[in-house]
Amino acid sequence: MAVAMLRGAAAAAARRWGPVAGRGKAVGTRGCHGVARRREWVPPAGRDSGIVAYNSRSRSKEPLVLATEGVATWYSCGPTVYDRAHLGHACSYVKFDIIRRIMTRFFGIEVIMVMGITDIDDKIIKRANEMNISPLALARIYEEDFKQDMAALKVLPPTVYMRVTDNIPQIISFIKTIIDSGQAYATSQGNVYFDVKSWGKRYGVLTTIHPDTQDEAVDTDKRHSKDFALWKAAKPQELSWTSPWGKGRPGWHIECSTISSAVFGKQLDIHTGGIDLAFPHHENEIAQCEVYHQCEQWGNYFLHSGHLHVKGSQEKMSKSLKNYITIKDFLKKFSSDQFRMFCLRSRYSSVEFSDESMDDAKHLLQAISSFIRDANAYIKGQLVCDPVREDILWERLANTKVTVKAAFADDFDTSRAVAAIMDLIHHGNRQLKAVTKDAGSPRSSVVYGTIISYIEGFFNALGMSFGERQVAVGGDNSAVLSNVLDELVRFRTKVRHYALALPEEAAEAVPMEGATGAKGPKEEQKEKRQQLMRERKPLLEACDSLRGDLAAFGIHIKDRAAVSTWEMVEGGQAKQQTEEKS
């Protein structure tokens, strides 16, 4: 039912967009029909999306051409759910989430994404035996745990999740078709293998593996060492399903081929996953699907995220190397926005993690928040500045928009796009220099309001939050907390201003000409000022004490001449709010 509904959604999207004049350039090339013995990538027929992306199939940047204008079909390799996800997983999923958001929000492409969940394999069975629970129960626990982690990282869910165990009949049928085509064989032990040599030079699309190279000795029931399992015969007391070859379970690679084909058929625009999946997983997926569909090219674009390396080490972050940080542990120290900024600062194909890189991400977020806070204060008249050169700011904003779109169109270059945003903020800050006296000049509220709107919209589109409207986060009562802090800081500001102010007669009093006596008016004024300061000192001390006490809870108050601001540090993420001038 879910597959039928998803196919219907894809078809409806195709009909809705249709060939729209001017949206994209039509590209006519050979489609997925007729088997040709070749390894070269064939540019697909369809509409140019306006994006150029690095394609692992061609090993170069290529124009991203979609079969249906305005619609991208996308298969994502999901997790093997036997343990908690770690930061290496987070990096891959967040980076592809950013790419998906760019396609949707900046290029108007509707993405139909399917993610496969591997809920049965050797690791799951082994871990379940160690915990003395069933493999499916273990898989459900960690599937839900994975989804919670993705939600905490603000990763959009796919259009649909599809589990391996929900698609066993389809997998068996897929394997039978490959056997009937002569590219797979069953053994007397109940295993089924893909015959790599029978596929000849078609094998090795993503790698330089050649099936006709000298084989290593094999001590299994395989014919050749490079052959890979489509179906595994069941071991004693192991979870299994009935098949024409006996009881068993699917091999690793066949599951993704079956699931993606069940939804998208032989036409798939984009396939994504970590670079460690390129071989053998994605290579074998391609071989299986091209045999099953009898087409010359399945999966037009393969996008791979790079390993997450710990700085100073050549090792990737992985469970097998025991050098990983779970997502839950990471989010105790850093916020999802900080991690997303870290991901935005590098290309999706290369990532190096360190405390310094996370500090850099935090400082950028603080700089952006500070600009938004100051610009809002200026718009409200709380920050007095010299006249603003609006023409310069309007020009900078227009140039930034062009630079951002060009960066995203060039293999989703988020680092260059963020640099353009920071340059815009730099020029905005240059004109927000506070002055002590208001000359009564008109404020340039519109240009700063437009810049704030663009910056907030940019980061919101990429899954982040900035500005006053996003202060209240983290729980049902957070909006109330924000309002309480507003009132508290406003009250403190009034008390502080009263404590610092002098009565007008005291402030304006001047010595009278010819006055005589033990004490002149000047001395009396000085004594009165000192008396007032002594009387009001406890009020200032109370204000300072309150500021210090709130700082211990992560709420920082900053006092200016005419306005006080507060920022709340929650999970390492600074949130700012500007209070009204009293």
# chains A, B, ... in the order shown; residues from 1 in each chain; ligands from 1
>>> residues_around(residues="Gly182 (chain A)", least_positions_apart="5", cutoff="12 Å", atoms="only C-alpha atoms", output="MDAnalysis selection string")
chainID A and resid 175:177 193:199 288 291:292 294
>>> write_last_selection(atoms="N, CA and C atoms", output="PDB file, in the first residue's frame")
ATOM      1  N   ILE A 175      15.352 -11.441  -6.694  1.00  0.00           N
ATOM      2  CA  ILE A 175      16.448 -12.408  -6.849  1.00  0.00           C
ATOM      3  C   ILE A 175      16.117 -13.427  -7.941  1.00  0.00           C
ATOM      4  N   LYS A 176      14.881 -13.900  -7.974  1.00  0.00           N
ATOM      5  CA  LYS A 176      14.473 -14.880  -9.002  1.00  0.00           C
ATOM      6  C   LYS A 176      14.673 -14.316 -10.398  1.00  0.00           C
ATOM      7  N   THR A 177      14.365 -13.031 -10.584  1.00  0.00           N
ATOM      8  CA  THR A 177      14.544 -12.402 -11.904  1.00  0.00           C
ATOM      9  C   THR A 177      16.015 -12.368 -12.295  1.00  0.00           C
ATOM     10  N   TYR A 193      24.115 -16.376  -5.081  1.00  0.00           N
ATOM     11  CA  TYR A 193      25.175 -15.393  -5.314  1.00  0.00           C
ATOM     12  C   TYR A 193      24.995 -14.712  -6.671  1.00  0.00           C
ATOM     13  N   PHE A 194      25.400 -13.465  -6.721  1.00  0.00           N
ATOM     14  CA  PHE A 194      25.486 -12.760  -8.001  1.00  0.00           C
ATOM     15  C   PHE A 194      26.780 -13.185  -8.682  1.00  0.00           C
ATOM     16  N   ASP A 195      26.676 -13.563  -9.957  1.00  0.00           N
ATOM     17  CA  ASP A 195      27.840 -14.017 -10.728  1.00  0.00           C
ATOM     18  C   ASP A 195      28.515 -12.792 -11.353  1.00  0.00           C
ATOM     19  N   VAL A 196      29.524 -12.260 -10.689  1.00  0.00           N
ATOM     20  CA  VAL A 196      30.158 -11.017 -11.130  1.00  0.00           C
ATOM     21  C   VAL A 196      30.805 -11.176 -12.500  1.00  0.00           C
ATOM     22  N   LYS A 197      31.451 -12.308 -12.747  1.00  0.00           N
ATOM     23  CA  LYS A 197      32.129 -12.499 -14.042  1.00  0.00           C
ATOM     24  C   LYS A 197      31.141 -12.484 -15.207  1.00  0.00           C
ATOM     25  N   SER A 198      29.937 -12.970 -14.964  1.00  0.00           N
ATOM     26  CA  SER A 198      28.944 -13.005 -16.048  1.00  0.00           C
ATOM     27  C   SER A 198      28.525 -11.609 -16.479  1.00  0.00           C
ATOM     28  N   TRP A 199      28.759 -10.626 -15.611  1.00  0.00           N
ATOM     29  CA  TRP A 199      28.376  -9.242 -15.921  1.00  0.00           C
ATOM     30  C   TRP A 199      29.495  -8.505 -16.648  1.00  0.00           C
ATOM     31  N   GLN A 288      22.973  -5.226  -9.738  1.00  0.00           N
ATOM     32  CA  GLN A 288      21.706  -5.927  -9.537  1.00  0.00           C
ATOM     33  C   GLN A 288      20.564  -5.250 -10.291  1.00  0.00           C
ATOM     34  N   VAL A 291      20.738  -5.472 -14.156  1.00  0.00           N
ATOM     35  CA  VAL A 291      20.319  -6.806 -14.607  1.00  0.00           C
ATOM     36  C   VAL A 291      18.801  -6.922 -14.508  1.00  0.00           C
ATOM     37  N   TYR A 292      18.246  -6.548 -13.365  1.00  0.00           N
ATOM     38  CA  TYR A 292      16.809  -6.694 -13.130  1.00  0.00           C
ATOM     39  C   TYR A 292      15.999  -5.890 -14.153  1.00  0.00           C
ATOM     40  N   GLN A 294      17.161  -4.621 -16.965  1.00  0.00           N
ATOM     41  CA  GLN A 294      17.699  -4.746 -18.321  1.00  0.00           C
ATOM     42  C   GLN A 294      17.886  -3.370 -18.959  1.00  0.00           C
TER      43      GLN A 294
END
>>> residues_around(residues="region 126-138 of chain A", least_positions_apart="3", cutoff="9 Å", atoms="only C-alpha atoms", output="PyMOL selection string")
chain A and resi 81-83+119-123+141-143+165+239
>>> closest_residue(among="A:Glu40, A:Asp48, A:Arg105, A:Tyr301", to="Lys201 (chain A)", atoms="only C-alpha atoms")
A:Glu40
>>> residues_around(residues="Ile99 (chain A)", least_positions_apart="4", cutoff="10 Å", atoms="only C-alpha atoms", output="compact mmCIF listing (two decimals) with N, CA and C atoms, in the first residue's frame")
# COMPACT_ATOMS: atom_id res chain seq x y z
N TYR A 93 24.11 12.42 7.24
CA TYR A 93 22.69 12.71 7.11
C TYR A 93 22.40 14.20 7.15
N VAL A 94 23.13 14.95 7.97
CA VAL A 94 22.92 16.40 8.01
C VAL A 94 23.36 17.05 6.70
N LYS A 95 24.47 16.62 6.16
CA LYS A 95 24.95 17.21 4.91
C LYS A 95 23.99 16.94 3.76
N MET A 103 17.97 22.14 -2.70
CA MET A 103 17.21 21.80 -3.90
C MET A 103 15.77 22.27 -3.79
N THR A 104 15.19 22.08 -2.60
CA THR A 104 13.78 22.42 -2.40
C THR A 104 13.55 23.92 -2.28
N ARG A 105 14.33 24.57 -1.42
CA ARG A 105 14.06 25.97 -1.07
C ARG A 105 14.69 26.97 -2.02
N TYR A 348 30.64 18.79 1.34
CA TYR A 348 30.05 17.54 1.82
C TYR A 348 30.94 16.33 1.54
N PHE A 408 25.48 27.62 -4.40
CA PHE A 408 24.64 26.43 -4.27
C PHE A 408 24.54 25.65 -5.59
N ASP A 411 27.81 22.51 -7.10
CA ASP A 411 28.02 21.34 -6.24
C ASP A 411 27.71 21.65 -4.78
N PHE A 412 26.67 22.46 -4.56
CA PHE A 412 26.16 22.74 -3.21
C PHE A 412 27.26 23.28 -2.31
N ASP A 413 27.94 24.32 -2.78
CA ASP A 413 29.09 24.88 -2.06
C ASP A 413 28.60 25.76 -0.92
N THR A 414 28.28 25.13 0.20
CA THR A 414 27.73 25.85 1.35
C THR A 414 28.78 26.74 2.01
N LEU A 462 17.94 26.32 5.61
CA LEU A 462 18.94 25.27 5.78
C LEU A 462 18.79 24.52 7.10
>>> closest_residue(among="A:Asn460, A:Asn376, A:Gln525, A:Thr272", to="Val447 (chain A)", atoms="only C-alpha atoms")
A:Asn376
>>> atom_distance(atom1="CA of Cys543 (chain A)", atom2="CA of His556 (chain A)")
12.6 Å
>>> select_by_dssp(residues="region 61-113 of chain A", states="strand (DSSP E or B)", output="JSON, numbers by chain")
{"A": [61, 62, 63, 64, 65, 66, 68, 71, 72, 73, 74, 75, 76, 77, 78, 79, 80, 86, 110, 111, 112, 113]}
>>> write_last_selection(atoms="C-alpha atoms", output="JSON list (two decimals), in the first residue's frame")
[["chain", "number", "residue", "atom", "x", "y", "z"],
["A", 61, "LYS", "CA", 30.95, 17.48, -11.99],
["A", 62, "GLU", "CA", 27.88, 17.12, -14.20],
["A", 63, "PRO", "CA", 24.75, 19.19, -14.81],
["A", 64, "LEU", "CA", 21.98, 17.70, -12.65],
["A", 65, "VAL", "CA", 19.35, 16.65, -15.17],
["A", 66, "LEU", "CA", 16.05, 15.39, -13.75],
["A", 68, "THR", "CA", 10.74, 15.03, -14.64],
["A", 71, "VAL", "CA", 10.85, 16.64, -9.33],
["A", 72, "ALA", "CA", 13.82, 14.64, -8.01],
["A", 73, "THR", "CA", 13.56, 10.95, -7.13],
["A", 74, "TRP", "CA", 16.09, 10.16, -4.41],
["A", 75, "TYR", "CA", 17.08, 6.95, -2.66],
["A", 76, "SER", "CA", 19.10, 7.21, 0.54],
["A", 77, "CYS", "CA", 20.85, 4.31, 2.21],
["A", 78, "GLY", "CA", 19.59, 4.31, 5.78],
["A", 79, "PRO", "CA", 21.08, 2.89, 8.97],
["A", 80, "THR", "CA", 21.70, -0.66, 10.08],
["A", 86, "HIS", "CA", 27.36, 8.36, 16.07],
["A", 110, "GLU", "CA", 10.16, 18.69, -5.15],
["A", 111, "VAL", "CA", 12.18, 15.85, -3.62],
["A", 112, "ILE", "CA", 10.63, 12.40, -3.27],
["A", 113, "MET", "CA", 12.99, 10.53, -0.96]]
>>> closest_residue(among="A:Asp355, A:Ala377, A:Thr187, A:Ala409", to="Ser49 (chain A)", atoms="only C-alpha atoms")
A:Ala409
>>> select_by_dssp(residues="region 258-417 of chain A", states="helix (DSSP H, G or I)", output="PyMOL selection string")
chain A and resi 258-264+275-293+327-333+336-344+355-379+390-409+414-417
>>> write_last_selection(atoms="C-alpha atoms", output="compact mmCIF listing (two decimals), in the first residue's frame")
# COMPACT_ATOMS: atom_id res chain seq x y z
CA THR A 258 14.66 -4.04 -4.32
CA ILE A 259 13.27 -1.22 -2.18
CA SER A 260 14.33 1.58 -4.54
CA SER A 261 13.06 -0.35 -7.58
CA ALA A 262 9.74 -1.11 -5.87
CA VAL A 263 9.09 2.64 -5.58
CA PHE A 264 10.90 4.28 -8.47
CA ILE A 275 31.80 7.19 0.59
CA ASP A 276 32.47 3.91 2.43
CA LEU A 277 29.33 2.51 0.75
CA ALA A 278 30.56 3.19 -2.80
CA PHE A 279 32.22 -0.23 -2.86
CA PRO A 280 30.98 -2.83 -2.55
CA HIS A 281 27.45 -1.74 -1.61
CA HIS A 282 26.57 0.80 -4.29
CA GLU A 283 28.61 -0.98 -6.94
CA ASN A 284 26.62 -4.14 -6.30
CA GLU A 285 23.32 -2.25 -6.19
CA ILE A 286 24.00 -0.91 -9.67
CA ALA A 287 24.84 -4.35 -11.06
CA GLN A 288 21.71 -5.93 -9.54
CA CYS A 289 19.36 -3.20 -10.79
CA GLU A 290 20.77 -3.05 -14.30
CA VAL A 291 20.32 -6.81 -14.61
CA TYR A 292 16.81 -6.69 -13.13
CA HIS A 293 15.62 -3.77 -15.27
CA ILE A 327 24.85 11.81 18.68
CA LYS A 328 23.14 11.94 22.07
CA ASP A 329 26.43 12.50 23.91
CA PHE A 330 27.48 15.15 21.40
CA LEU A 331 24.24 17.08 21.80
CA LYS A 332 24.85 17.32 25.55
CA LYS A 333 27.78 19.62 24.76
CA SER A 336 22.15 21.05 16.57
CA ASP A 337 22.59 24.53 15.06
CA GLN A 338 26.27 24.54 16.00
CA PHE A 339 26.77 21.14 14.36
CA ARG A 340 24.87 22.24 11.27
CA MET A 341 27.05 25.35 11.01
CA PHE A 342 30.10 23.07 11.31
CA CYS A 343 28.73 21.03 8.39
CA LEU A 344 28.00 24.16 6.34
CA ASP A 355 37.09 21.15 19.08
CA GLU A 356 38.57 24.12 17.20
CA SER A 357 36.21 23.63 14.26
CA MET A 358 33.24 23.46 16.63
CA ASP A 359 34.43 26.63 18.41
CA ASP A 360 34.64 28.31 15.03
CA ALA A 361 31.04 27.30 14.32
CA LYS A 362 29.92 28.67 17.70
CA HIS A 363 31.68 32.00 17.10
CA LEU A 364 30.02 32.37 13.71
CA LEU A 365 26.61 31.76 15.24
CA GLN A 366 27.32 34.32 17.94
CA ALA A 367 28.43 36.88 15.34
CA ILE A 368 25.24 36.35 13.33
CA SER A 369 23.03 36.57 16.42
CA SER A 370 24.84 39.70 17.58
CA PHE A 371 24.27 41.41 14.23
CA ILE A 372 20.58 40.51 14.21
CA ARG A 373 20.22 41.81 17.77
CA ASP A 374 21.99 45.09 17.01
CA ALA A 375 20.12 45.59 13.74
CA ASN A 376 16.79 45.07 15.50
CA ALA A 377 17.83 47.51 18.22
CA TYR A 378 18.67 50.05 15.51
CA ILE A 379 15.31 49.54 13.79
CA GLU A 390 21.57 52.67 2.17
CA ASP A 391 22.78 52.43 -1.43
CA ILE A 392 25.84 50.48 -0.33
CA LEU A 393 23.80 48.05 1.76
CA TRP A 394 21.20 47.47 -0.97
CA GLU A 395 23.98 46.72 -3.44
CA ARG A 396 25.71 44.35 -1.00
CA LEU A 397 22.46 42.51 -0.38
CA ALA A 398 21.79 42.07 -4.10
CA ASN A 399 25.34 40.80 -4.68
CA THR A 400 25.03 38.38 -1.77
CA LYS A 401 21.88 36.84 -3.21
CA VAL A 402 23.61 36.26 -6.54
CA THR A 403 26.72 34.79 -4.87
CA VAL A 404 24.68 32.45 -2.67
CA LYS A 405 22.65 31.08 -5.59
CA ALA A 406 25.81 30.58 -7.67
CA ALA A 407 27.56 28.80 -4.78
CA PHE A 408 24.64 26.43 -4.27
CA ALA A 409 24.47 25.72 -8.00
CA THR A 414 27.73 25.85 1.35
CA SER A 415 31.09 27.15 2.57
CA ARG A 416 31.14 29.86 -0.10
CA ALA A 417 27.49 30.72 0.55
>>> residues_around(residues="Ser349 (chain A)", least_positions_apart="4", cutoff="10 Å", atoms="only C-alpha atoms", output="list of chain:residue names")
A:Tyr54, A:Ser92, A:Lys95, A:Gly274, A:Ile275, A:Leu303, A:His304, A:Ser305, A:Gly306, A:His307, A:Leu308
>>> write_last_selection(atoms="N, CA and C atoms", output="PDB file, in the first residue's frame")
ATOM      1  N   TYR A  54      28.902  16.901  -8.280  1.00  0.00           N
ATOM      2  CA  TYR A  54      29.911  15.870  -8.520  1.00  0.00           C
ATOM      3  C   TYR A  54      29.225  14.513  -8.507  1.00  0.00           C
ATOM      4  N   SER A  92      26.911  12.713   7.741  1.00  0.00           N
ATOM      5  CA  SER A  92      26.403  12.333   6.420  1.00  0.00           C
ATOM      6  C   SER A  92      24.947  12.734   6.261  1.00  0.00           C
ATOM      7  N   LYS A  95      24.467  16.620   6.162  1.00  0.00           N
ATOM      8  CA  LYS A  95      24.950  17.213   4.912  1.00  0.00           C
ATOM      9  C   LYS A  95      23.989  16.935   3.759  1.00  0.00           C
ATOM     10  N   GLY A 274      27.288   7.359   2.356  1.00  0.00           N
ATOM     11  CA  GLY A 274      28.671   7.651   2.701  1.00  0.00           C
ATOM     12  C   GLY A 274      29.629   7.059   1.684  1.00  0.00           C
ATOM     13  N   ILE A 275      30.814   7.649   1.568  1.00  0.00           N
ATOM     14  CA  ILE A 275      31.796   7.188   0.593  1.00  0.00           C
ATOM     15  C   ILE A 275      32.217   5.741   0.858  1.00  0.00           C
ATOM     16  N   LEU A 303      25.810  10.536  -5.215  1.00  0.00           N
ATOM     17  CA  LEU A 303      26.472  11.550  -4.392  1.00  0.00           C
ATOM     18  C   LEU A 303      26.963  10.889  -3.109  1.00  0.00           C
ATOM     19  N   HIS A 304      28.233  11.064  -2.807  1.00  0.00           N
ATOM     20  CA  HIS A 304      28.813  10.430  -1.631  1.00  0.00           C
ATOM     21  C   HIS A 304      29.363  11.484  -0.665  1.00  0.00           C
ATOM     22  N   SER A 305      29.002  11.335   0.601  1.00  0.00           N
ATOM     23  CA  SER A 305      29.564  12.203   1.640  1.00  0.00           C
ATOM     24  C   SER A 305      30.889  11.623   2.115  1.00  0.00           C
ATOM     25  N   GLY A 306      31.816  12.505   2.491  1.00  0.00           N
ATOM     26  CA  GLY A 306      33.134  12.057   2.921  1.00  0.00           C
ATOM     27  C   GLY A 306      33.117  11.519   4.340  1.00  0.00           C
ATOM     28  N   HIS A 307      34.175  10.787   4.680  1.00  0.00           N
ATOM     29  CA  HIS A 307      34.335  10.317   6.058  1.00  0.00           C
ATOM     30  C   HIS A 307      34.489  11.513   6.993  1.00  0.00           C
ATOM     31  N   LEU A 308      34.021  11.358   8.214  1.00  0.00           N
ATOM     32  CA  LEU A 308      34.287  12.345   9.259  1.00  0.00           C
ATOM     33  C   LEU A 308      35.586  11.935   9.940  1.00  0.00           C
TER      34      LEU A 308
END
